[in-house]
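Remarks on the structure that follows.
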Amino acid sequence: MRLHDIIISALSAVWAHKLRSFLTMLGIIIGIFAVTALISVGQSSNAAVTEQIEGLGSNLLTISIRDSRADLDLDDVEGMGNLPGVGSVSPYISSAYTVKNGAASMEDITVAGVMTDYQDIREYELTSGRFISERDNTNRLKVAVVGRDIAVELYGSLDVTGEIVSINGLKYEIVGVLDEQGNDESTSGDEIVMIPFVTAQRQMLNTTISTIYASASSADMVDTAQSSIENYLLQYSTEDDGYSVNSQDSILESLDEVTATQTAMLGGIAGISLLVGGIGIMNIMLVSVMERTRSAWKRP
């Protein structure tokens with residue numbers, strides 16, 4: 001039988017059983033679409049999170065103190081700034097509060113206590129005013145730097161320097177407004193209020209320093225800075241899990257591992273859809289062959 005005759009016979013069979021052919025094609029289309037869509041979702045999610053993490057700065061180091069006996073104070077944190085490879089250092093404390101301006105209010109807003117160097121570490125720019133100063137921390141002043149969304153939502157303007165904002169019932173003077181940040185980690189970087197670290201400790205009734213942000217003096221010095229800080233922390237905690245120092249590269253590596261597992265899982269789920277569709281196609285083809293075979297046996 002010539003190739004031309006085979007093609008004609010196949011097309012005739014497809015045309016003669018339109019519904020069966022459509023269902024066969026539908027099974028293939030759904031299976032392929034499921035595989036493509038789920039893998040694309042996994043890769044897009046990874047790309048979005050990676051972009052956010054990279055946006056935090058390539059020199060950023062995040063220090064977490066988990067050993068309650070470490071008991072670091074501000075002088076200890078300041079000492080990190082003199083280590084090889086380390087540029088700037090700032091302790092960090094945060095909690096969620098309701099912030100108000102008269103009748104206008106916003107709930108569950110991140111209020112963060114920071115030092116002056118936090119601006120350089122996170123590379124923040126200001127729309128107006130200034131950032132938290134050393135004097136603010138030394139004198140435990142009630143001043144605040146607010147995100148754009150806070151200014152617009154509560155005051156209807158970005159020109160809010162000198163205005164008073166209520167944080168959990170306490171009044172703070174706004175001294176600066178951050179430039180638009182966009183999404184930052186799990187919250188919007190524009191819905192944040194920053195106050196002096198020492199003031200925040202008093203308001204949050206928490207004198208423990210458990211989170212510290214630092215920056216390497218340059219991108220080439222990240223590993224040096226990380227090693228210096230890890231060795232420095234040995235004098236405060238000798239436990240293996242007493243502290244951790246993470247750079248952006250290490251976070252991205254962990255993210256890649258998680259994403260690879262997630263993508264494989266999604267691909268496996270989509271593969272099951274493709275397998276089910278394939279079994280359906282095999283069933284339809286088997287029925288077609290049996291019908292043609294039965295017809296051939298009945299011919300005289």
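All residue names refer to the structure tokens as shown: chains lettered A, B, ... in order, residues numbered from 1 in each chain, ligands numbered from 1 in order.
For region 89-98 of chain A, the non-local neighbours within 6 Å, defined as residues at least 6 positions apart in the same chain or in other chains and counting only C-alpha atoms, are Gly81, Met106, Glu107, Asp108, Ile109, Thr110, Val111, Ala112, Gly113, Val114, Met115, Asp117, Tyr118, Asn168, Thr211, Ile212, Tyr213 and Ala214 of chain A.
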Quiz prompt | Residues flagged strand (DSSP E or B) by DSSP in region 10-222 of chain A, as an MDAnalysis selection string | solution = chainID A and resid 60:65 86:101 104:114 126:129 143:146 164:167 170:178 183:184 187:188 192:196 211:216
Mind writing the picked residues with C-alpha atoms as a tab-separated table (two decimals), in the first residue's frame?
chain	number	residue	atom	x	y	z
A	60	LEU	CA	23.07	42.83	51.82
A	61	LEU	CA	23.71	40.50	54.75
A	62	THR	CA	20.96	39.37	57.12
A	63	ILE	CA	22.02	38.28	60.61
A	64	SER	CA	19.58	36.33	62.77
A	65	ILE	CA	20.38	35.70	66.44
A	86	VAL	CA	31.78	45.14	56.53
A	87	GLY	CA	30.39	48.50	55.44
A	88	SER	CA	27.30	49.49	57.41
A	89	VAL	CA	25.35	47.79	60.21
A	90	SER	CA	21.93	48.37	61.75
A	91	PRO	CA	19.88	46.36	64.24
A	92	TYR	CA	16.25	45.88	63.25
A	93	ILE	CA	13.08	45.36	65.25
A	94	SER	CA	9.51	45.41	63.96
A	95	SER	CA	5.91	44.87	64.88
A	96	ALA	CA	2.49	45.45	63.31
A	97	TYR	CA	0.45	48.40	64.57
A	98	THR	CA	-2.49	50.58	63.61
A	99	VAL	CA	-1.36	54.01	62.41
A	100	LYS	CA	-3.74	56.97	62.41
A	101	ASN	CA	-4.17	60.56	61.39
A	104	ALA	CA	-8.09	58.06	58.92
A	105	SER	CA	-6.33	54.84	59.90
A	106	MET	CA	-4.45	51.86	58.47
A	107	GLU	CA	-4.22	48.54	60.28
A	108	ASP	CA	-1.44	45.95	60.48
A	109	ILE	CA	1.23	48.35	59.27
A	110	THR	CA	4.86	47.30	59.79
A	111	VAL	CA	6.56	49.68	62.19
A	112	ALA	CA	10.33	49.12	62.15
A	113	GLY	CA	12.98	50.39	64.52
A	114	VAL	CA	16.26	51.13	62.72
A	126	LEU	CA	13.58	59.97	50.15
A	127	THR	CA	10.84	61.92	48.42
A	128	SER	CA	11.09	64.60	51.11
A	129	GLY	CA	12.58	65.23	54.51
A	143	VAL	CA	10.05	60.77	64.95
A	144	ALA	CA	9.06	58.67	61.95
A	145	VAL	CA	9.86	58.11	58.29
A	146	VAL	CA	6.81	56.85	56.39
A	164	ILE	CA	1.88	64.07	63.44
A	165	VAL	CA	1.08	60.37	63.04
A	166	SER	CA	-0.32	58.17	65.79
A	167	ILE	CA	1.29	54.75	66.18
A	170	LEU	CA	1.56	57.34	70.64
A	171	LYS	CA	2.22	60.48	68.60
A	172	TYR	CA	5.26	60.72	66.30
A	173	GLU	CA	6.45	63.61	64.14
A	174	ILE	CA	6.98	62.68	60.47
A	175	VAL	CA	10.46	63.77	59.38
A	176	GLY	CA	10.67	62.04	55.99
A	177	VAL	CA	8.82	60.17	53.22
A	178	LEU	CA	10.38	57.27	51.33
A	183	ASN	CA	6.92	45.05	46.77
A	184	ASP	CA	9.45	44.28	49.44
A	187	THR	CA	4.65	43.21	52.22
A	188	SER	CA	4.54	46.42	50.28
A	192	ILE	CA	5.98	50.89	56.36
A	193	VAL	CA	6.83	53.30	59.15
A	194	MET	CA	10.41	53.58	60.43
A	195	ILE	CA	11.24	54.99	63.85
A	196	PRO	CA	14.48	55.20	65.88
A	211	THR	CA	17.83	40.73	63.72
A	212	ILE	CA	20.67	42.78	62.24
A	213	TYR	CA	21.13	44.03	58.69
A	214	ALA	CA	24.58	44.72	57.31
A	215	SER	CA	26.17	45.55	53.99
A	216	ALA	CA	29.53	44.53	52.63
Quick check for you: according to DSSP on this backbone, which residues of region 63-197 of chain A are classed as helix (DSSP H, G or I)? Reply as a tab-separated table (two decimals) with C-alpha atoms, in the first residue's frame.
chain	number	residue	atom	x	y	z
A	74	LEU	CA	24.08	48.31	70.57
A	75	ASP	CA	27.82	48.58	71.24
A	76	ASP	CA	28.25	44.96	70.12
A	77	VAL	CA	26.32	45.67	66.92
A	78	GLU	CA	28.35	48.81	66.31
A	79	GLY	CA	31.51	46.72	66.64
A	80	MET	CA	30.47	44.70	63.60
A	118	TYR	CA	19.81	51.30	57.60
A	119	GLN	CA	19.21	53.83	54.82
A	120	ASP	CA	22.58	53.03	53.21
A	121	ILE	CA	22.18	49.29	53.72
A	122	ARG	CA	18.81	49.19	51.95
A	134	GLU	CA	21.93	59.32	65.34
A	135	ARG	CA	20.49	62.15	67.43
A	136	ASP	CA	17.03	60.59	67.13
A	137	ASN	CA	18.32	57.36	68.62
A	138	THR	CA	20.52	58.99	71.24
A	148	ARG	CA	4.43	56.68	50.20
A	149	ASP	CA	1.22	54.72	50.72
A	150	ILE	CA	1.05	55.81	54.35
A	151	ALA	CA	1.40	59.47	53.37
A	152	VAL	CA	-1.18	59.28	50.58
A	153	GLU	CA	-3.71	57.16	52.48
A	154	LEU	CA	-3.62	59.11	55.74
A	155	TYR	CA	-2.87	62.64	54.51
A	197	PHE	CA	15.61	51.76	67.05
Self-check item: Within 8 Å of region 235-247 of chain A using only C-alpha atoms, minus same-chain residues under 2 positions, as a list of chain:residue names
Solution: A:Asn59, A:Leu60, A:Leu61, A:Thr62, A:Ile63, A:Ser64, A:Ile65, A:Arg66, A:Asp67, A:Arg69, A:Ala70, A:Asp71, A:Leu72, A:Val222, A:Gln226, A:Ile229, A:Glu230, A:Asn231, A:Tyr232, A:Leu233, A:Asp249, A:Ser250, A:Ile251
Quiz item: In Å to one decimal, how far is CA of Ile28 (chain A) from CA of Ile279 (chain A)?
Solution: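 Interatomic distance, CA of Ile279 (chain A) to CA of Ile28 (chain A): 10.3 Å.
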Quiz item: Just how far from CA of Gly102 (chain A) is CA of Tyr124 (chain A), in Å to one decimal?
Solution: 28.1 Å
Quiz item: So what do you get for CA of Asp73 (chain A) versus CA of Arg140 (chain A), distance-wise?
Solution: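 If I compute the distance from CA of Asp73 (chain A) to CA of Arg140 (chain A), I get 15.8 Å.
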